[in-house]
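A.B. asks: Provided herewith: entry-v8.txt, compact mmCIF, C-alpha atoms.
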# COMPACT_ATOMS: atom_id res chain seq x y z
CA MET N 1 -31.33 -33.54 207.13
CA ALA N 2 -29.37 -33.00 210.34
CA SER N 3 -25.61 -32.69 210.22
CA THR N 4 -23.47 -34.86 212.43
CA LEU N 5 -20.08 -34.33 213.97
CA SER N 6 -17.63 -37.17 213.58
CA THR N 7 -15.49 -38.09 216.54
CA GLN N 8 -13.19 -40.20 214.39
CA PRO N 9 -9.64 -38.87 214.10
CA ALA N 10 -8.83 -37.28 210.75
CA ALA N 11 -6.90 -39.46 208.35
CA ALA N 12 -3.22 -38.63 208.09
CA ALA N 13 -2.29 -36.62 205.03
CA PRO N 14 -0.82 -38.85 202.32
CA LYS N 15 2.90 -38.57 201.79
CA MET N 16 4.04 -36.84 198.63
CA ILE N 17 4.78 -39.31 195.88
CA LEU N 18 7.02 -36.88 194.01
CA PRO N 19 8.85 -34.60 196.42
CA PRO N 20 9.94 -31.23 194.97
CA VAL N 21 13.50 -31.25 193.68
CA MET N 22 13.89 -27.48 193.29
CA THR N 23 11.92 -24.26 193.30
CA LEU N 24 12.40 -21.81 190.45
CA GLU N 25 11.57 -18.23 191.35
CA GLY N 26 11.37 -15.18 189.14
CA HIS N 27 7.86 -14.51 187.83
CA ASN N 28 6.00 -11.58 189.38
CA GLY N 29 2.50 -13.04 189.31
CA PRO N 30 0.72 -16.26 188.42
CA ILE N 31 2.41 -18.71 186.04
CA THR N 32 -0.01 -19.79 183.32
CA SER N 33 1.98 -22.33 181.30
CA ILE N 34 5.11 -24.49 181.41
CA SER N 35 6.86 -26.75 178.91
CA TYR N 36 9.95 -28.98 179.15
CA SER N 37 12.58 -29.30 176.45
CA SER N 38 12.72 -32.82 175.02
CA ASP N 39 16.05 -33.53 176.75
CA GLY N 40 14.60 -32.43 180.10
CA GLU N 41 17.50 -30.06 180.77
CA GLN N 42 15.50 -26.87 180.29
CA MET N 43 12.00 -25.63 180.93
CA VAL N 44 10.05 -22.62 179.68
CA SER N 45 7.41 -20.83 181.75
CA GLY N 46 5.02 -17.99 180.98
CA GLY N 47 2.86 -15.83 183.18
CA TRP N 48 0.74 -12.80 183.87
CA ASP N 49 3.89 -10.70 184.33
CA LYS N 50 4.14 -10.58 180.50
CA THR N 51 7.28 -12.72 180.37
CA SER N 52 8.28 -16.13 179.17
CA ARG N 53 11.38 -17.42 180.88
CA ARG N 54 13.73 -20.26 180.03
CA TRP N 55 15.26 -22.17 182.92
CA ASP N 56 18.44 -24.27 183.18
CA LEU N 57 17.28 -27.19 185.30
CA GLN N 58 20.81 -28.42 186.02
CA ALA N 59 21.82 -25.07 187.53
CA GLY N 60 18.34 -24.29 188.89
CA MET N 61 18.48 -20.79 187.41
CA GLU N 62 16.85 -18.66 184.75
CA ILE N 63 18.74 -18.16 181.50
CA GLU N 64 18.13 -14.42 181.71
CA ASP N 65 19.58 -13.40 178.35
CA VAL N 66 16.78 -15.28 176.56
CA ARG N 67 13.84 -13.88 178.53
CA ASP N 68 10.99 -12.82 176.24
CA VAL N 69 8.81 -9.87 177.13
CA CYS N 70 5.32 -9.54 175.65
CA GLU N 71 2.91 -6.63 175.58
CA TRP N 72 0.28 -8.69 177.44
CA ALA N 73 -0.02 -11.70 179.70
CA VAL N 74 1.49 -14.96 178.44
CA HIS N 75 -1.19 -17.64 178.15
CA ALA N 76 0.78 -20.53 176.64
CA VAL N 77 4.37 -21.62 176.02
CA ALA N 78 5.72 -24.66 174.19
CA VAL N 79 9.06 -26.15 173.19
CA SER N 80 9.24 -28.08 169.92
CA ARG N 81 10.14 -31.76 170.19
CA ASP N 82 13.39 -31.20 168.28
CA GLY N 83 14.27 -28.35 170.68
CA ARG N 84 14.64 -25.86 167.84
CA TRP N 85 11.69 -23.58 168.75
CA VAL N 86 10.25 -21.90 171.84
CA ILE N 87 6.73 -20.60 171.24
CA THR N 88 5.01 -17.87 173.26
CA ALA N 89 1.28 -17.05 172.96
CA CYS N 90 0.09 -13.81 174.54
CA GLY N 91 -2.75 -11.39 174.43
CA TYR N 92 -5.41 -9.39 176.10
CA ASP N 93 -8.90 -8.47 175.00
CA GLN N 94 -8.64 -7.45 171.35
CA ARG N 95 -4.92 -8.11 170.88
CA GLY N 96 -3.15 -11.36 170.15
CA GLU N 97 0.57 -12.02 169.98
CA LEU N 98 2.25 -15.23 168.80
CA LYS N 99 6.02 -15.59 168.60
CA ALA N 100 8.50 -18.37 167.81
CA CYS N 101 12.10 -18.04 168.91
CA GLU N 102 14.69 -20.21 167.18
CA VAL N 103 16.76 -21.40 170.15
CA GLU N 104 20.11 -21.71 168.37
CA THR N 105 20.10 -18.34 166.60
CA GLY N 106 17.80 -16.26 168.82
CA MET N 107 15.82 -15.21 165.73
CA VAL N 108 12.19 -14.39 166.54
CA LYS N 109 9.29 -14.85 164.13
CA THR N 110 5.99 -13.10 164.79
CA PHE N 111 2.78 -14.64 163.45
CA GLN N 112 0.08 -12.11 162.58
CA GLY N 113 -3.63 -12.74 162.13
CA HIS N 114 -5.54 -13.12 165.39
CA SER N 115 -7.62 -10.20 166.61
CA HIS N 116 -7.90 -11.38 170.24
CA ALA N 117 -5.79 -13.13 172.88
CA ILE N 118 -4.23 -16.48 171.95
CA TYR N 119 -4.88 -19.07 174.64
CA CYS N 120 -3.53 -22.36 173.34
CA ILE N 121 -0.80 -23.74 171.09
CA ASP N 122 0.55 -27.06 169.93
CA ILE N 123 3.52 -28.05 167.81
CA SER N 124 3.33 -31.01 165.43
CA GLU N 125 5.31 -34.17 166.21
CA ASN N 126 7.84 -33.37 163.44
CA SER N 127 8.26 -29.78 164.75
CA MET N 128 7.24 -28.27 161.39
CA LEU N 129 3.73 -26.96 162.17
CA LEU N 130 2.35 -24.67 164.86
CA ALA N 131 -1.38 -24.64 165.63
CA ASN N 132 -3.00 -22.03 167.82
CA GLY N 133 -6.45 -21.12 169.09
CA SER N 134 -7.73 -17.71 170.06
CA ASP N 135 -10.44 -15.80 171.82
CA ASP N 136 -11.40 -14.56 168.33
CA ARG N 137 -12.99 -18.02 167.79
CA THR N 138 -10.48 -19.13 165.17
CA VAL N 139 -7.74 -21.70 164.79
CA ARG N 140 -4.75 -21.28 162.52
CA ILE N 141 -1.90 -23.56 161.44
CA TRP N 142 1.49 -22.06 160.60
CA SER N 143 4.77 -23.29 159.11
CA LEU N 144 7.51 -22.80 161.68
CA ASP N 145 10.18 -22.71 158.96
CA THR N 146 8.56 -20.03 156.77
CA GLY N 147 6.33 -18.27 159.32
CA LYS N 148 3.48 -18.42 156.82
CA LEU N 149 -0.12 -19.49 157.40
CA VAL N 150 -0.63 -22.97 155.89
CA ALA N 151 -4.24 -23.64 156.95
CA GLY N 152 -7.13 -21.63 158.33
CA PRO N 153 -8.48 -19.60 159.80
CA PHE N 154 -10.99 -22.22 160.91
CA LYS N 155 -14.06 -20.97 162.79
CA SER N 156 -14.87 -22.44 166.19
CA ALA N 157 -18.11 -22.41 168.20
CA ASP N 158 -16.54 -20.11 170.79
CA SER N 159 -13.19 -19.02 172.20
CA VAL N 160 -10.67 -21.84 171.72
CA GLY N 161 -9.40 -23.25 175.02
CA ALA N 162 -7.35 -26.28 173.96
CA ILE N 163 -5.82 -27.58 170.77
CA ARG N 164 -3.83 -30.75 169.98
CA PHE N 165 -2.28 -32.36 166.90
CA SER N 166 -2.61 -36.11 166.41
CA ARG N 167 0.69 -38.05 166.52
CA ASP N 168 0.81 -38.15 162.70
CA SER N 169 -0.06 -34.41 162.49
CA LYS N 170 -2.91 -35.15 160.07
CA LYS N 171 -5.70 -34.26 162.53
CA LEU N 172 -6.26 -31.40 164.94
CA ALA N 173 -8.57 -31.57 167.96
CA ILE N 174 -10.11 -28.29 169.08
CA HIS N 175 -11.99 -27.57 172.29
CA SER N 176 -13.94 -24.35 172.56
CA HIS N 177 -14.73 -22.90 175.97
CA VAL N 178 -18.52 -23.30 175.97
CA ALA N 179 -18.98 -26.12 173.49
CA SER N 180 -19.85 -29.55 174.82
CA CYS N 181 -17.94 -31.29 172.05
CA LEU N 182 -14.57 -31.47 170.38
CA GLU N 183 -14.31 -30.09 166.87
Represent the supplied structure as C-alpha cells.

C.D. replies:
Amino acid sequence: MASTLSTQPAAAAPKMILPPVMTLEGHNGPITSISYSSDGEQMVSGGWDKTSRRWDLQAGMEIEDVRDVCEWAVHAVAVSRDGRWVITACGYDQRGELKACEVETGMVKTFQGHSHAIYCIDISENSMLLANGSDDRTVRIWSLDTGKLVAGPFKSADSVGAIRFSRDSKKLAIHSHVASCLE
C-alpha cells in the first residue's frame, strides 16, 4: 500500500480546557503519585527521589517540615477522606515500605509484612482501613487506628497494580499486572 502526502493544512491544536493555575516544583525526578486532601487546600506527591511531599495549594509552596523520606522510590501516596492520614507506599525489588502519618500529631506508623515493593494503596470511605498491593503478589488490609493487619495476606495472580475499596468498604477490587481479570 502506497503512502500519500496530504496537502491539507494541519488542524489547529485544541485550546486547553483547564489551564494550569500553578506549577509546584521540588521533586528531583519523576513524580509517580499525587493525592488531594478532601478540602482541596493541600496535595501530597511522591516520586522516584524517595520523597513524599505535602503542598499548601493556597501559598503554592511545599510544607517542608512534613516531608517524608523513604529508603526507596515512592510508588503511591494517598490522603484519607477525613484528612487525618497521609499514606506513603515505597519499595524496590525485595523491599517494601508502607507508612501512615497522622497529620495532626505527626506520628508515623509503619506497616510490616510485604517482601517486595508496594505499588498501590486505597483508604476506605470511612478512613478506618488501608488496603495495599505489592510486587510480592499479595494484598493486605490494615487498621489505620491500631496499625494491625485485619485481613490477608490474600494471594494474587501476579504483582498487584491497582486496588480499590467499594463505597461501603465491604468489597475490594484487585488488578494484577498480567491478569486479564479483576479479582

A.B. asks: Could you check which of N:His177, N:Arg95, N:His27, N:His75 is closest to Glu62 of chain N, using only C-alpha atoms?

C.D. replies: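 Counting only C-alpha atoms, the residue closest to Glu62 of chain N is N:His27.
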
A.B. asks: Between N:Cys90, N:Ile163, N:Leu129, N:Ile31, single out the one closest to Lys148 of chain N, counting only C-alpha atoms.

C.D. replies: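 The answer is N:Leu129, which sits nearest to Lys148 of chain N.
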
A.B. asks: For Ser166 of chain N, please output as an MDAnalysis selection string all residues within 12 Å (counting only C-alpha atoms; exclusion window: fewer than 2 positions along the same chain).

C.D. replies: chainID N and resid 122:126 129 131 163:164 168:174

A.B. asks: For each of N:Ile63, N:Gln42, N:Ser115, N:Thr110, take the minimum atom-to-atom distance to Gly83 of chain N, counting all atoms listed in the file, then give the residue where this is smallest.

C.D. replies: N:Gln42

A.B. asks: Could you list as a ChimeraX atom specification every residue that has an atom within 10 Å of (-1.7, -7.3, 176.1), using the file's coordinates and counting only C-alpha atoms?

C.D. replies: /N:48,50,70-74,90-97,116-117

A.B. asks: How far is it from atom CA of Thr146 of chain N to atom CA of Arg81 of chain N, in Å with one decimal?

C.D. replies: 17.9 Å

A.B. asks: Neighbours of Val86 of chain N within 8 Å (only C-alpha atoms; same-chain residues fewer than 6 positions away dropped), as JSON, numbers by chain?

C.D. replies: {"N": [44, 77, 78, 79, 80, 100, 101, 102, 103]}

A.B. asks: Please compute the atom CA of Asn132 of chain N-atom CA of Asp82 of chain N distance, one decimal, in Å.

C.D. replies: 18.8 Å

A.B. asks: Given 6 Å on each side, where is the centre and what are the edge lengths in Å to one decimal of the axis-aligned box enclosing the listed atoms of segment 46-50 of chain N, as AutoDock Vina command-line options?

C.D. replies:
--center_x 2.9 --center_y -14.3 --center_z 182.4 --size_x 16.3 --size_y 19.4 --size_z 15.8

A.B. asks: The residues within 9 Å of (-10.9, -16.4, 168.9), using all atoms listed in the file and the coordinates of the file, should be reported as a count of residues only; which are they?

C.D. replies: 18

A.B. asks: Give the answer as one residue: which of N:Leu149, N:Ala76, N:Val69, N:Ala162 has the shortest atom-to-atom distance to Gly46 of chain N, using all atoms listed in the file?

C.D. replies: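 Of N:Leu149, N:Ala76, N:Val69, N:Ala162, the one nearest Gly46 of chain N, counting all atoms listed in the file, is N:Ala76.
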
A.B. asks: Which distance in Å separates atom CA of Ile141 of chain N and atom CA of Ser37 of chain N, to one decimal?

C.D. replies: 21.6 Å

A.B. asks: Tell me which of N:Ser38, N:Ser143, N:Thr32, N:Ser127 sits closest to Ser52 of chain N, counting only C-alpha atoms.

C.D. replies: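 Looking at the shortest contact to Ser52 of chain N, the residue is N:Thr32.
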
A.B. asks: Residues at most 8 Å from Leu57 of chain N, counting only C-alpha atoms, excluding those fewer than 4 positions away in the same chain, as a list of chain:residue names?

C.D. replies: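 So the residues in contact are N:Gly40, N:Glu41, N:Gln42, N:Met43, N:Met61.
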
A.B. asks: For all heavy atoms, please extract segment 157-171 of chain N from the block and return it as a short mmCIF file (atom, residue, chain, number, x, y, z; two decimals), in the first residue's frame.

C.D. replies:
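Listing of result13.cif after writing:
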data_model
loop_
_atom_site.label_atom_id
_atom_site.label_comp_id
_atom_site.auth_asym_id
_atom_site.auth_seq_id
_atom_site.Cartn_x
_atom_site.Cartn_y
_atom_site.Cartn_z
N ALA N 157 -2.82 -13.23 41.32
CA ALA N 157 -2.24 -13.95 40.18
C ALA N 157 -0.84 -13.45 39.84
O ALA N 157 -0.02 -14.20 39.33
CB ALA N 157 -3.15 -13.82 38.96
N ASP N 158 -0.57 -12.18 40.12
CA ASP N 158 0.73 -11.60 39.81
C ASP N 158 0.90 -10.35 40.67
O ASP N 158 0.10 -10.07 41.56
CB ASP N 158 0.81 -11.25 38.31
CG ASP N 158 2.24 -10.96 37.85
OD1 ASP N 158 3.16 -11.65 38.30
OD2 ASP N 158 2.41 -10.02 37.06
N SER N 159 1.91 -9.57 40.38
CA SER N 159 2.15 -8.32 41.07
C SER N 159 0.88 -7.47 41.00
O SER N 159 0.23 -7.38 39.97
CB SER N 159 3.30 -7.60 40.37
OG SER N 159 3.56 -6.37 40.96
N VAL N 160 0.51 -6.84 42.11
CA VAL N 160 -0.74 -6.08 42.19
C VAL N 160 -0.48 -4.65 41.72
O VAL N 160 0.36 -3.95 42.27
CB VAL N 160 -1.31 -6.11 43.61
CG1 VAL N 160 -2.62 -5.34 43.68
CG2 VAL N 160 -1.51 -7.55 44.08
N GLY N 161 -1.24 -4.23 40.70
CA GLY N 161 -1.04 -2.92 40.10
C GLY N 161 -2.07 -1.88 40.47
O GLY N 161 -1.82 -0.68 40.36
N ALA N 162 -3.24 -2.31 40.94
CA ALA N 162 -4.29 -1.36 41.33
C ALA N 162 -5.19 -2.03 42.35
O ALA N 162 -5.40 -3.25 42.29
CB ALA N 162 -5.10 -0.91 40.11
N ILE N 163 -5.73 -1.23 43.23
CA ILE N 163 -6.59 -1.75 44.29
C ILE N 163 -7.61 -0.68 44.65
O ILE N 163 -7.29 0.51 44.63
CB ILE N 163 -5.72 -2.14 45.51
CG1 ILE N 163 -6.47 -2.99 46.49
CG2 ILE N 163 -5.11 -0.95 46.18
CD1 ILE N 163 -5.55 -3.70 47.46
N ARG N 164 -8.87 -1.06 44.92
CA ARG N 164 -9.88 -0.07 45.24
C ARG N 164 -10.98 -0.66 46.11
O ARG N 164 -11.54 -1.69 45.80
CB ARG N 164 -10.51 0.49 43.96
CG ARG N 164 -11.29 1.75 44.11
CD ARG N 164 -10.46 2.97 44.49
NE ARG N 164 -9.50 3.30 43.47
CZ ARG N 164 -8.28 3.75 43.71
NH1 ARG N 164 -7.84 3.92 44.91
NH2 ARG N 164 -7.46 4.01 42.73
N PHE N 165 -11.28 0.03 47.22
CA PHE N 165 -12.42 -0.32 48.06
C PHE N 165 -13.72 0.10 47.38
O PHE N 165 -13.76 1.12 46.68
CB PHE N 165 -12.37 0.44 49.40
CG PHE N 165 -11.50 -0.17 50.45
CD1 PHE N 165 -10.30 0.44 50.80
CD2 PHE N 165 -11.89 -1.33 51.11
CE1 PHE N 165 -9.50 -0.10 51.79
CE2 PHE N 165 -11.08 -1.88 52.10
CZ PHE N 165 -9.90 -1.26 52.45
N SER N 166 -14.80 -0.66 47.63
CA SER N 166 -16.13 -0.21 47.22
C SER N 166 -16.54 0.93 48.15
O SER N 166 -15.94 1.13 49.22
CB SER N 166 -17.14 -1.36 47.31
OG SER N 166 -17.24 -1.82 48.64
N ARG N 167 -17.57 1.68 47.80
CA ARG N 167 -18.00 2.83 48.62
C ARG N 167 -18.37 2.41 50.03
O ARG N 167 -18.15 3.16 50.97
CB ARG N 167 -19.17 3.55 47.97
CG ARG N 167 -18.88 4.10 46.60
CD ARG N 167 -18.49 5.48 46.48
NE ARG N 167 -19.25 6.44 47.23
CZ ARG N 167 -18.97 7.71 47.16
NH1 ARG N 167 -18.04 8.12 46.36
NH2 ARG N 167 -19.64 8.56 47.87
N ASP N 168 -18.94 1.20 50.18
CA ASP N 168 -19.33 0.74 51.52
C ASP N 168 -18.19 0.01 52.23
O ASP N 168 -18.37 -0.48 53.35
CB ASP N 168 -20.58 -0.13 51.46
CG ASP N 168 -20.38 -1.42 50.68
OD1 ASP N 168 -19.24 -1.72 50.25
OD2 ASP N 168 -21.38 -2.14 50.50
N SER N 169 -17.05 -0.10 51.60
CA SER N 169 -15.83 -0.74 52.15
C SER N 169 -16.00 -2.23 52.43
O SER N 169 -15.20 -2.83 53.14
CB SER N 169 -15.37 -0.03 53.44
OG SER N 169 -15.11 1.33 53.18
N LYS N 170 -17.02 -2.85 51.84
CA LYS N 170 -17.24 -4.28 52.05
C LYS N 170 -16.61 -5.14 50.96
O LYS N 170 -16.50 -6.35 51.11
CB LYS N 170 -18.74 -4.57 52.13
CG LYS N 170 -19.38 -3.97 53.37
CD LYS N 170 -20.85 -4.29 53.43
CE LYS N 170 -21.47 -3.68 54.67
NZ LYS N 170 -22.89 -3.96 54.77
N LYS N 171 -16.18 -4.51 49.87
CA LYS N 171 -15.56 -5.24 48.76
C LYS N 171 -14.24 -4.54 48.40
O LYS N 171 -14.08 -3.34 48.62
CB LYS N 171 -16.47 -5.25 47.54
CG LYS N 171 -17.77 -5.96 47.76
CD LYS N 171 -18.62 -5.90 46.49
CE LYS N 171 -20.05 -6.20 46.84
NZ LYS N 171 -20.95 -5.18 46.38
#
